[in-house]
>>> print(open('query.txt').read())   # compact mmCIF, C-alpha atoms (C1' of nucleotides)
# COMPACT_ATOMS: atom_id res chain seq x y z
CA MET A 9 0.00 0.00 0.00
CA ALA A 10 1.31 3.44 -0.86
CA ARG A 11 1.00 6.54 1.22
CA ALA A 12 -2.52 7.87 1.77
CA ALA A 13 -3.81 10.39 -0.71
CA THR A 14 -3.15 14.04 0.00
CA THR A 15 -6.88 14.49 -0.35
CA SER A 16 -7.64 11.93 2.33
CA ASP A 17 -7.62 14.47 5.13
CA ALA A 18 -6.25 17.78 6.36
CA PHE A 19 -3.19 16.13 7.87
CA ASN A 20 -2.05 14.81 4.53
CA ALA A 21 -2.99 17.98 2.72
CA VAL A 22 -0.91 20.27 4.92
CA ALA A 23 2.09 17.96 4.84
CA GLU A 24 3.12 19.80 1.69
CA PRO A 25 5.00 23.05 2.55
CA ARG A 26 3.68 24.81 -0.52
CA ARG A 27 0.13 24.16 0.51
CA ARG A 28 0.81 25.58 3.96
CA GLU A 29 2.17 28.70 2.31
CA ILE A 30 -0.97 28.99 0.26
CA LEU A 31 -3.14 28.57 3.33
CA ASN A 32 -1.16 31.23 5.16
CA TYR A 33 -1.54 33.59 2.25
CA LEU A 34 -5.24 32.98 1.82
CA ALA A 35 -6.01 33.31 5.49
CA LEU A 36 -5.76 37.08 5.38
CA GLN A 37 -8.19 37.52 2.54
CA GLU A 38 -9.49 35.82 -0.55
CA ARG A 39 -7.37 36.01 -3.68
CA PRO A 40 -7.60 35.04 -7.31
CA VAL A 41 -5.25 32.31 -8.49
CA GLY A 42 -3.08 34.72 -10.42
CA GLU A 43 -2.19 36.68 -7.33
CA ILE A 44 -1.22 33.53 -5.51
CA VAL A 45 1.03 32.63 -8.42
CA ASP A 46 2.72 36.02 -8.29
CA ALA A 47 2.94 36.32 -4.54
CA LEU A 48 4.28 32.85 -3.88
CA GLU A 49 6.26 32.57 -7.09
CA MET A 50 4.90 29.24 -8.12
CA GLU A 51 3.82 27.92 -11.51
CA GLN A 52 0.16 28.45 -12.24
CA PRO A 53 -0.64 24.76 -12.86
CA SER A 54 1.08 23.93 -9.62
CA VAL A 55 -1.02 26.41 -7.70
CA SER A 56 -4.21 25.12 -9.30
CA LYS A 57 -3.34 21.58 -8.35
CA HIS A 58 -2.54 22.48 -4.78
CA LEU A 59 -5.77 24.43 -4.55
CA ARG A 60 -7.61 21.39 -5.84
CA VAL A 61 -6.20 19.28 -3.05
CA LEU A 62 -6.98 21.92 -0.47
CA LYS A 63 -10.50 22.28 -1.78
CA ASP A 64 -11.07 18.53 -1.72
CA VAL A 65 -10.30 18.36 1.98
CA GLY A 66 -12.26 21.52 2.70
CA LEU A 67 -9.32 23.72 3.61
CA VAL A 68 -10.21 26.42 1.10
CA GLN A 69 -13.39 27.80 -0.34
CA VAL A 70 -13.88 29.16 -3.82
CA ARG A 71 -15.98 31.83 -5.40
CA ARG A 72 -16.11 32.67 -9.06
CA GLU A 73 -16.13 36.25 -10.25
CA GLY A 74 -15.96 36.54 -13.98
CA ARG A 75 -12.80 34.88 -15.16
CA ASN A 76 -11.36 34.87 -11.70
CA MET A 77 -11.63 32.23 -9.06
CA PHE A 78 -11.28 33.70 -5.59
CA TYR A 79 -9.95 31.31 -3.01
CA LYS A 80 -9.77 31.77 0.70
CA THR A 81 -8.66 29.60 3.57
CA ASN A 82 -11.34 27.81 5.50
CA ALA A 83 -9.66 27.98 8.88
CA ASP A 84 -12.21 25.69 10.42
CA GLY A 85 -10.67 22.82 8.52
CA ILE A 86 -7.45 23.35 10.41
CA ARG A 87 -9.04 23.01 13.81
CA PRO A 88 -8.84 19.20 13.97
CA LEU A 89 -5.12 19.48 13.43
CA HIS A 90 -4.77 22.13 16.10
CA GLU A 91 -6.83 20.11 18.50
CA TRP A 92 -4.93 16.90 17.93
CA ALA A 93 -1.62 18.65 18.46
CA GLY A 94 -3.09 20.37 21.49
CA THR A 95 -3.65 17.08 23.27
CA PHE A 96 0.12 16.93 23.72
CA GLU A 97 0.33 20.36 25.22
CA LYS A 98 0.42 19.03 28.76
CA TYR A 99 3.50 17.02 27.91
CA TRP A 100 5.47 19.91 26.51
CA GLN A 101 8.55 21.10 28.26
CA HIS A 102 8.93 24.68 29.42
CA GLN A 103 5.53 24.33 31.01
CA LEU A 104 6.42 26.98 33.51
CA LEU A 105 7.21 29.34 30.70
CA ARG A 106 3.87 28.58 29.09
CA VAL A 107 2.02 29.21 32.29
CA LYS A 108 3.75 32.55 32.40
CA GLU A 109 2.76 33.27 28.80
CA ARG A 110 -0.83 32.39 29.49
CA ALA A 111 -0.83 34.62 32.52
CA GLU A 112 0.41 37.49 30.39
CA ALA A 113 -2.17 36.84 27.72
CA LYS A 114 -4.76 36.79 30.41
CA SER A 115 -3.80 40.11 31.87
CA GLU A 116 -3.69 41.60 28.41
CA GLN A 117 -7.15 40.28 27.78
CA SER A 118 -8.36 41.84 30.98
CA ARG A 119 -6.88 45.16 29.96
CA LYS A 120 -8.76 45.03 26.68
CA SER A 121 -12.13 44.12 28.15
CA MET Q 27 9.35 15.42 -8.02
CA ALA Q 28 7.52 13.05 -5.73
CA ARG Q 29 6.02 13.86 -2.38
CA ALA Q 30 8.45 14.92 0.34
CA ALA Q 31 9.82 12.19 2.55
CA THR Q 32 7.87 11.32 5.66
CA THR Q 33 11.10 11.93 7.49
CA SER Q 34 11.43 15.46 6.16
CA ASP Q 35 9.52 17.04 9.01
CA ALA Q 36 6.85 16.54 11.65
CA PHE Q 37 4.09 17.56 9.27
CA ASN Q 38 4.86 14.73 6.90
CA ALA Q 39 5.46 12.27 9.69
CA VAL Q 40 2.09 12.77 11.36
CA ALA Q 41 0.21 12.63 8.08
CA GLU Q 42 0.06 8.88 8.62
CA PRO Q 43 -2.84 7.93 10.93
CA ARG Q 44 -0.97 4.98 12.36
CA ARG Q 45 1.86 7.19 13.44
CA ARG Q 46 -0.54 9.53 15.18
CA GLU Q 47 -1.96 6.55 17.04
CA ILE Q 48 1.51 5.58 18.11
CA LEU Q 49 2.25 9.10 19.29
CA ASN Q 50 -0.98 9.17 21.25
CA TYR Q 51 -0.16 5.87 22.86
CA LEU Q 52 3.40 6.81 23.72
CA ALA Q 53 2.47 10.18 25.13
CA LEU Q 54 1.19 8.66 28.35
CA GLN Q 55 4.32 6.71 29.10
CA GLU Q 56 7.22 4.99 27.44
CA ARG Q 57 6.60 1.51 26.07
CA PRO Q 58 8.59 -1.30 24.50
CA VAL Q 59 7.84 -2.09 20.86
CA GLY Q 60 6.06 -5.30 21.72
CA GLU Q 61 3.44 -3.51 23.77
CA ILE Q 62 2.78 -1.08 20.97
CA VAL Q 63 2.29 -4.00 18.64
CA ASP Q 64 -0.20 -5.62 20.99
CA ALA Q 65 -2.02 -2.46 22.00
CA LEU Q 66 -2.46 -1.04 18.52
CA GLU Q 67 -2.76 -4.39 16.77
CA MET Q 68 -0.19 -3.70 14.12
CA GLU Q 69 2.51 -5.91 12.64
CA GLN Q 70 5.82 -5.66 14.42
CA PRO Q 71 7.83 -4.65 11.34
CA SER Q 72 5.26 -2.00 10.62
CA VAL Q 73 5.58 -0.56 14.10
CA SER Q 74 9.35 -0.57 13.86
CA LYS Q 75 9.24 1.28 10.58
CA HIS Q 76 6.83 3.89 11.86
CA LEU Q 77 8.96 4.36 14.94
CA ARG Q 78 11.97 4.85 12.71
CA VAL Q 79 10.23 7.66 10.88
CA LEU Q 80 9.07 9.24 14.11
CA LYS Q 81 12.53 9.02 15.56
CA ASP Q 82 14.11 10.56 12.47
CA VAL Q 83 11.98 13.67 12.83
CA GLY Q 84 12.44 13.77 16.58
CA LEU Q 85 8.90 12.91 17.55
CA VAL Q 86 9.89 10.00 19.75
CA GLN Q 87 12.85 9.19 21.95
CA VAL Q 88 14.27 5.77 22.57
CA ARG Q 89 15.98 4.05 25.44
CA ARG Q 90 17.36 0.55 25.42
CA GLU Q 91 16.84 -1.74 28.35
CA GLY Q 92 18.18 -5.19 27.69
CA ARG Q 93 16.40 -6.61 24.70
CA ASN Q 94 13.70 -3.99 24.91
CA MET Q 95 13.60 -0.64 23.25
CA PHE Q 96 11.45 1.80 25.18
CA TYR Q 97 9.93 4.54 23.08
CA LYS Q 98 8.11 7.62 24.24
CA THR Q 99 6.61 10.58 22.50
CA ASN Q 100 8.67 13.74 22.42
CA ALA Q 101 5.77 16.16 22.63
CA ASP Q 102 8.02 19.12 21.97
CA GLY Q 103 8.31 17.98 18.38
CA ILE Q 104 4.59 18.50 17.96
CA ARG Q 105 4.68 22.12 19.05
CA PRO Q 106 5.57 23.53 15.62
CA LEU Q 107 2.49 21.86 14.24
CA HIS Q 108 0.31 23.20 17.03
CA GLU Q 109 1.70 26.65 16.62
CA TRP Q 110 1.26 26.72 12.88
CA ALA Q 111 -2.33 25.58 13.19
CA GLY Q 112 -2.80 28.09 15.98
CA THR Q 113 -2.07 31.01 13.69
CA PHE Q 114 -5.46 30.33 12.11
CA GLU Q 115 -7.29 30.40 15.39
CA LYS Q 116 -8.40 33.97 14.94
CA TYR Q 117 -10.09 33.03 11.70
CA TRP Q 118 -12.11 30.18 13.10
CA GLN Q 119 -15.84 30.42 13.22
CA HIS Q 120 -17.75 30.20 16.45
CA GLN Q 121 -15.44 32.87 17.75
CA LEU Q 122 -18.02 33.93 20.23
CA LEU Q 123 -18.12 30.39 21.56
CA ARG Q 124 -14.36 30.35 21.82
CA VAL Q 125 -14.29 33.62 23.68
CA LYS Q 126 -16.75 32.06 26.07
CA GLU Q 127 -14.56 29.00 26.43
CA ARG Q 128 -11.51 31.11 27.10
CA ALA Q 129 -13.40 33.08 29.67
CA GLU Q 130 -14.34 29.86 31.41
CA ALA Q 131 -10.81 28.55 31.28
CA LYS Q 132 -9.68 31.84 32.72
CA SER Q 133 -12.05 31.77 35.65
CA GLU Q 134 -11.11 28.16 36.30
CA GLN Q 135 -7.48 29.13 36.29
CA SER Q 136 -8.19 31.91 38.74
CA ARG Q 137 -9.95 29.48 41.02
CA LYS Q 138 -6.91 27.21 40.99
CA SER Q 139 -4.35 29.89 41.67
C1' DT W 14 -17.44 35.04 -33.77
C1' DT W 15 -12.69 35.56 -32.87
C1' DT W 16 -9.31 36.70 -29.55
C1' DA W 17 -7.38 37.27 -25.16
C1' DC W 18 -7.21 36.17 -20.38
C1' DA W 19 -7.71 33.17 -16.16
C1' DT W 20 -7.76 28.55 -14.53
C1' DA W 21 -8.08 23.70 -14.63
C1' DT W 22 -6.56 19.16 -16.45
C1' DG W 23 -4.03 15.66 -18.63
C1' DC W 24 0.45 13.34 -19.34
C1' DC W 25 4.97 11.76 -18.26
C1' DC W 26 8.47 10.64 -14.89
C1' DA W 27 11.29 10.23 -10.85
C1' DT W 28 10.56 9.40 -6.14
C1' DA W 29 8.67 7.88 -1.78
C1' DT W 30 5.95 5.32 0.39
C1' DA W 31 3.29 1.40 3.51
C1' DG W 32 2.26 -3.27 4.03
C1' DG W 33 3.62 -8.20 3.94
C1' DA W 34 7.10 -11.73 4.21
C1' DA W 35 11.61 -13.08 5.16
C1' DT W 36 15.80 -12.29 7.27
C1' DG W 37 19.39 -9.87 9.99
C1' DT W 38 21.04 -8.29 14.60
C1' DA W 39 21.49 -7.57 19.46
C1' DT W 40 20.86 -9.33 24.08
C1' DT W 41 19.68 -12.75 27.50
C1' DG W 42 19.10 -17.40 29.17
C1' DT W 43 20.73 -22.35 29.45
C1' DA Y 20 28.23 -22.10 22.19
C1' DC Y 21 23.36 -22.46 21.16
C1' DA Y 22 18.55 -21.42 21.51
C1' DA Y 23 15.12 -17.95 22.42
C1' DT Y 24 13.41 -13.27 22.60
C1' DA Y 25 12.87 -8.48 20.96
C1' DC Y 26 13.51 -5.45 17.31
C1' DA Y 27 15.29 -3.61 12.98
C1' DT Y 28 16.07 -3.92 8.12
C1' DT Y 29 15.62 -5.53 3.41
C1' DC Y 30 13.06 -6.79 -0.66
C1' DC Y 31 9.02 -6.51 -3.46
C1' DT Y 32 4.92 -4.20 -5.19
C1' DA Y 33 0.98 -1.28 -5.95
C1' DT Y 34 -0.01 3.39 -5.49
C1' DA Y 35 0.19 8.40 -5.04
C1' DT Y 36 2.39 12.01 -5.75
C1' DG Y 37 4.49 17.01 -7.44
C1' DG Y 38 6.81 19.47 -11.01
C1' DG Y 39 7.14 20.75 -15.95
C1' DC Y 40 4.77 21.24 -20.19
C1' DA Y 41 1.01 21.15 -23.28
C1' DT Y 42 -3.65 21.64 -23.72
C1' DA Y 43 -8.58 22.00 -22.56
C1' DT Y 44 -12.27 24.89 -20.52
C1' DG Y 45 -14.69 28.98 -19.21
C1' DT Y 46 -15.59 33.91 -19.45
C1' DA Y 47 -15.04 38.55 -21.04
C1' DA Y 48 -13.56 41.81 -24.61
C1' DA Y 49 -13.03 43.34 -29.58
>>> encode(input="query.txt", output="structure tokens")
Amino acid sequence: MARAATTSDAFNAVAEPRRREILNYLALQERPVGEIVDALEMEQPSVSKHLRVLKDVGLVQVRREGRNMFYKTNADGIRPLHEWAGTFEKYWQHQLLRVKERAEAKSEQSRKS
Amino acid sequence: MARAATTSDAFNAVAEPRRREILNYLALQERPVGEIVDALEMEQPSVSKHLRVLKDVGLVQVRREGRNMFYKTNADGIRPLHEWAGTFEKYWQHQLLRVKERAEAKSEQSRKS
DNA sequence: TTTACATATGCCCATATAGGAATGTATTGT
DNA sequence: ACAATACATTCCTATATGGGCATATGTAAA
């Protein structure tokens, strides 16, 4: 048996560095394919193929506008990954440091609200 | 060019479901290979190969004790993944729900400290 | 309609699996 | 030294890329 398809789930889809770059770029705002090509300096067919994979696993959403296809990251699709990784948080080292960080974030939150 | 090696980084290594199972299992406590085989019902060679990949990317640590090799998850290796996924947190939906959750976690933390 | 522009697909190829079976290696027991 | 135990590695095979290039498809402009 070969490796699972990149379209099998989010874990396989984001294993490709290029696709993570695309997701990062499209998280800020939706963009047409051409802009992704220019911004990330990748070949257009390559971008289209990566977007296909990302779309198949629900990590991006598309909208057509004339000749352009506007893609944007569907952050919700990344949550399972974040949550799985998060289950190991309690085993991380530097826990004291993290507690400190959380405390700071907390006080900052209090300041805001 | 083919897909990047599973040993290229943590992202590629955890793309395999079986390896995630192993990491989950070894997070609790170190275990000899045989126990992993029994617990996860996988073939021994398969487990050894997955462990090799995980070791190569630093996701597990090994210790020899006689004929046994005790493996345990190196949670720190999962942090990059958690942090990358975390950068999308602000784009997730149900933000209101999350704010509520954070507020609860905060009050619980206050209670503890 | 013909042309131009924006994307998506198809093809080919080198590469990397992941599983199964067999075998090699290290360590302990007799 | 020899057998047994615990793992690791090798070999084989079907499969899934990901990049480069050519081409098909869809939509708007002339």
>>> calpha_fit_and_write(input="query.txt", fixed="chain A", moving="chain Q", output="compact mmCIF listing (two decimals) with C-alpha atoms, in the frame of the given file")
# COMPACT_ATOMS: atom_id res chain seq x y z
CA MET Q 27 -0.29 -0.01 0.32
CA ALA Q 28 1.09 3.38 -0.59
CA ARG Q 29 0.82 6.54 1.42
CA ALA Q 30 -2.68 7.90 1.96
CA ALA Q 31 -3.94 10.40 -0.57
CA THR Q 32 -3.22 14.05 0.08
CA THR Q 33 -6.93 14.53 -0.29
CA SER Q 34 -7.74 12.05 2.45
CA ASP Q 35 -7.68 14.62 5.22
CA ALA Q 36 -6.27 17.93 6.39
CA PHE Q 37 -3.23 16.27 7.91
CA ASN Q 38 -2.11 14.88 4.59
CA ALA Q 39 -3.01 18.03 2.73
CA VAL Q 40 -0.90 20.34 4.87
CA ALA Q 41 2.08 18.01 4.82
CA GLU Q 42 3.11 19.81 1.64
CA PRO Q 43 5.00 23.04 2.44
CA ARG Q 44 3.68 24.77 -0.65
CA ARG Q 45 0.14 24.16 0.41
CA ARG Q 46 0.84 25.63 3.82
CA GLU Q 47 2.22 28.72 2.12
CA ILE Q 48 -0.93 28.99 0.08
CA LEU Q 49 -3.09 28.63 3.17
CA ASN Q 50 -1.09 31.31 4.93
CA TYR Q 51 -1.45 33.62 1.99
CA LEU Q 52 -5.17 33.03 1.58
CA ALA Q 53 -5.92 33.42 5.25
CA LEU Q 54 -5.64 37.19 5.08
CA GLN Q 55 -8.07 37.61 2.24
CA GLU Q 56 -9.42 35.86 -0.80
CA ARG Q 57 -7.30 35.99 -3.95
CA PRO Q 58 -7.57 34.96 -7.58
CA VAL Q 59 -5.23 32.19 -8.73
CA GLY Q 60 -3.08 34.57 -10.71
CA GLU Q 61 -2.15 36.56 -7.64
CA ILE Q 62 -1.19 33.43 -5.78
CA VAL Q 63 1.03 32.48 -8.67
CA ASP Q 64 2.74 35.86 -8.64
CA ALA Q 65 2.98 36.22 -4.88
CA LEU Q 66 4.32 32.76 -4.15
CA GLU Q 67 6.28 32.41 -7.38
CA MET Q 68 4.89 29.06 -8.35
CA GLU Q 69 3.79 27.69 -11.71
CA GLN Q 70 0.14 28.23 -12.44
CA PRO Q 71 -0.68 24.55 -12.98
CA SER Q 72 1.04 23.76 -9.74
CA VAL Q 73 -1.04 26.29 -7.86
CA SER Q 74 -4.22 24.97 -9.43
CA LYS Q 75 -3.37 21.45 -8.41
CA HIS Q 76 -2.57 22.41 -4.85
CA LEU Q 77 -5.78 24.38 -4.65
CA ARG Q 78 -7.65 21.34 -5.88
CA VAL Q 79 -6.25 19.26 -3.05
CA LEU Q 80 -7.00 21.96 -0.51
CA LYS Q 81 -10.51 22.31 -1.79
CA ASP Q 82 -11.11 18.57 -1.69
CA VAL Q 83 -10.33 18.46 2.01
CA GLY Q 84 -12.25 21.64 2.69
CA LEU Q 85 -9.31 23.84 3.55
CA VAL Q 86 -10.17 26.50 1.01
CA GLN Q 87 -13.38 27.88 -0.45
CA VAL Q 88 -13.84 29.17 -3.94
CA ARG Q 89 -15.95 31.82 -5.57
CA ARG Q 90 -16.10 32.59 -9.25
CA GLU Q 91 -16.13 36.13 -10.48
CA GLY Q 92 -16.00 36.32 -14.23
CA ARG Q 93 -12.85 34.65 -15.40
CA ASN Q 94 -11.36 34.74 -11.94
CA MET Q 95 -11.62 32.15 -9.25
CA PHE Q 96 -11.24 33.68 -5.81
CA TYR Q 97 -9.90 31.32 -3.19
CA LYS Q 98 -9.70 31.84 0.52
CA THR Q 99 -8.59 29.72 3.41
CA ASN Q 100 -11.29 27.98 5.39
CA ALA Q 101 -9.57 28.20 8.75
CA ASP Q 102 -12.15 25.95 10.36
CA GLY Q 103 -10.63 23.04 8.48
CA ILE Q 104 -7.39 23.57 10.35
CA ARG Q 105 -8.98 23.30 13.77
CA PRO Q 106 -8.81 19.49 13.96
CA LEU Q 107 -5.09 19.72 13.42
CA HIS Q 108 -4.71 22.40 16.06
CA GLU Q 109 -6.78 20.46 18.50
CA TRP Q 110 -4.93 17.22 17.97
CA ALA Q 111 -1.60 18.94 18.45
CA GLY Q 112 -3.05 20.72 21.46
CA THR Q 113 -3.64 17.47 23.30
CA PHE Q 114 0.13 17.28 23.72
CA GLU Q 115 0.40 20.72 25.20
CA LYS Q 116 0.48 19.44 28.73
CA TYR Q 117 3.51 17.35 27.90
CA TRP Q 118 5.56 20.16 26.46
CA GLN Q 119 8.68 21.28 28.19
CA HIS Q 120 9.12 24.80 29.43
CA GLN Q 121 5.80 24.38 31.16
CA LEU Q 122 6.74 27.00 33.65
CA LEU Q 123 7.35 29.41 30.80
CA ARG Q 124 4.00 28.56 29.32
CA VAL Q 125 2.23 29.09 32.59
CA LYS Q 126 3.88 32.48 32.68
CA GLU Q 127 2.74 33.20 29.14
CA ARG Q 128 -0.80 32.19 29.94
CA ALA Q 129 -0.76 34.37 32.99
CA GLU Q 130 0.32 37.29 30.85
CA ALA Q 131 -2.30 36.59 28.24
CA LYS Q 132 -4.84 36.43 31.02
CA SER Q 133 -3.92 39.77 32.52
CA GLU Q 134 -3.92 41.30 29.05
CA GLN Q 135 -7.36 39.90 28.46
CA SER Q 136 -8.54 41.35 31.74
CA ARG Q 137 -7.19 44.73 30.74
CA LYS Q 138 -9.15 44.58 27.49
CA SER Q 139 -12.44 43.53 29.00
>>> interface_residues(input="query.txt", of="chain Q", to="chain Y", cutoff="6 Å", atoms="only C-alpha atoms (C1' of nucleotides)", output="list of chain:residue names")
Q:Met27, Q:Ala28, Q:Arg29, Q:Arg93
>>> atom_distance(input="query.txt", atom1="atom CA of Glu109 of chain Q", atom2="atom CA of Val61 of chain A")
22.4 Å
>>> atom_distance(input="query.txt", atom1="atom CA of Glu115 of chain Q", atom2="atom CA of Gln52 of chain A")
28.7 Å
>>> interface_residues(input="query.txt", of="chain W", to="chain Q", cutoff="10 Å", atoms="all atoms listed in the file", output="PyMOL selection string")
chain W and resi 26-33+39-41
>>> closest_residue(input="query.txt", among="A:Arg28, A:Arg39, A:Arg60, A:Arg71", to="chain Q", atoms="only C-alpha atoms")
A:Arg28
>>> interface_residues(input="query.txt", of="chain A", to="chain Q", cutoff="10 Å", atoms="only C-alpha atoms", output="PyMOL selection string")
chain A and resi 11-14+16-25+28+31-32+35-36+81-102+110-111+114+117
>>> axis_aligned_box(input="query.txt", around="segment 41-48 of chain Y", padding_each_side="3 Å", output="JSON")
{"center_x": -7.3, "center_y": 31.5, "center_z": -21.9, "size_x": 22.6, "size_y": 26.7, "size_z": 11.4}
>>> atom_distance(input="query.txt", atom1="atom CA of Ala47 of chain A", atom2="atom CA of Ile30 of chain A")
9.6 Å
>>> decode(input="query.txt", residues="segment 19-41 of chain A", atoms="C-alpha atoms", output="PDB file, in the first residue's frame")
ATOM      1  CA  PHE A  19      -3.187  16.128   7.874  1.00  0.00           C
ATOM      2  CA  ASN A  20      -2.053  14.805   4.530  1.00  0.00           C
ATOM      3  CA  ALA A  21      -2.988  17.984   2.725  1.00  0.00           C
ATOM      4  CA  VAL A  22      -0.908  20.267   4.923  1.00  0.00           C
ATOM      5  CA  ALA A  23       2.094  17.962   4.843  1.00  0.00           C
ATOM      6  CA  GLU A  24       3.122  19.804   1.694  1.00  0.00           C
ATOM      7  CA  PRO A  25       4.996  23.048   2.547  1.00  0.00           C
ATOM      8  CA  ARG A  26       3.676  24.813  -0.524  1.00  0.00           C
ATOM      9  CA  ARG A  27       0.134  24.161   0.514  1.00  0.00           C
ATOM     10  CA  ARG A  28       0.812  25.583   3.959  1.00  0.00           C
ATOM     11  CA  GLU A  29       2.172  28.701   2.309  1.00  0.00           C
ATOM     12  CA  ILE A  30      -0.970  28.987   0.264  1.00  0.00           C
ATOM     13  CA  LEU A  31      -3.140  28.568   3.334  1.00  0.00           C
ATOM     14  CA  ASN A  32      -1.162  31.233   5.158  1.00  0.00           C
ATOM     15  CA  TYR A  33      -1.536  33.593   2.254  1.00  0.00           C
ATOM     16  CA  LEU A  34      -5.235  32.978   1.819  1.00  0.00           C
ATOM     17  CA  ALA A  35      -6.008  33.307   5.490  1.00  0.00           C
ATOM     18  CA  LEU A  36      -5.759  37.075   5.379  1.00  0.00           C
ATOM     19  CA  GLN A  37      -8.191  37.522   2.539  1.00  0.00           C
ATOM     20  CA  GLU A  38      -9.493  35.820  -0.550  1.00  0.00           C
ATOM     21  CA  ARG A  39      -7.367  36.012  -3.681  1.00  0.00           C
ATOM     22  CA  PRO A  40      -7.599  35.043  -7.313  1.00  0.00           C
ATOM     23  CA  VAL A  41      -5.247  32.315  -8.494  1.00  0.00           C
TER      24      VAL A  41
END
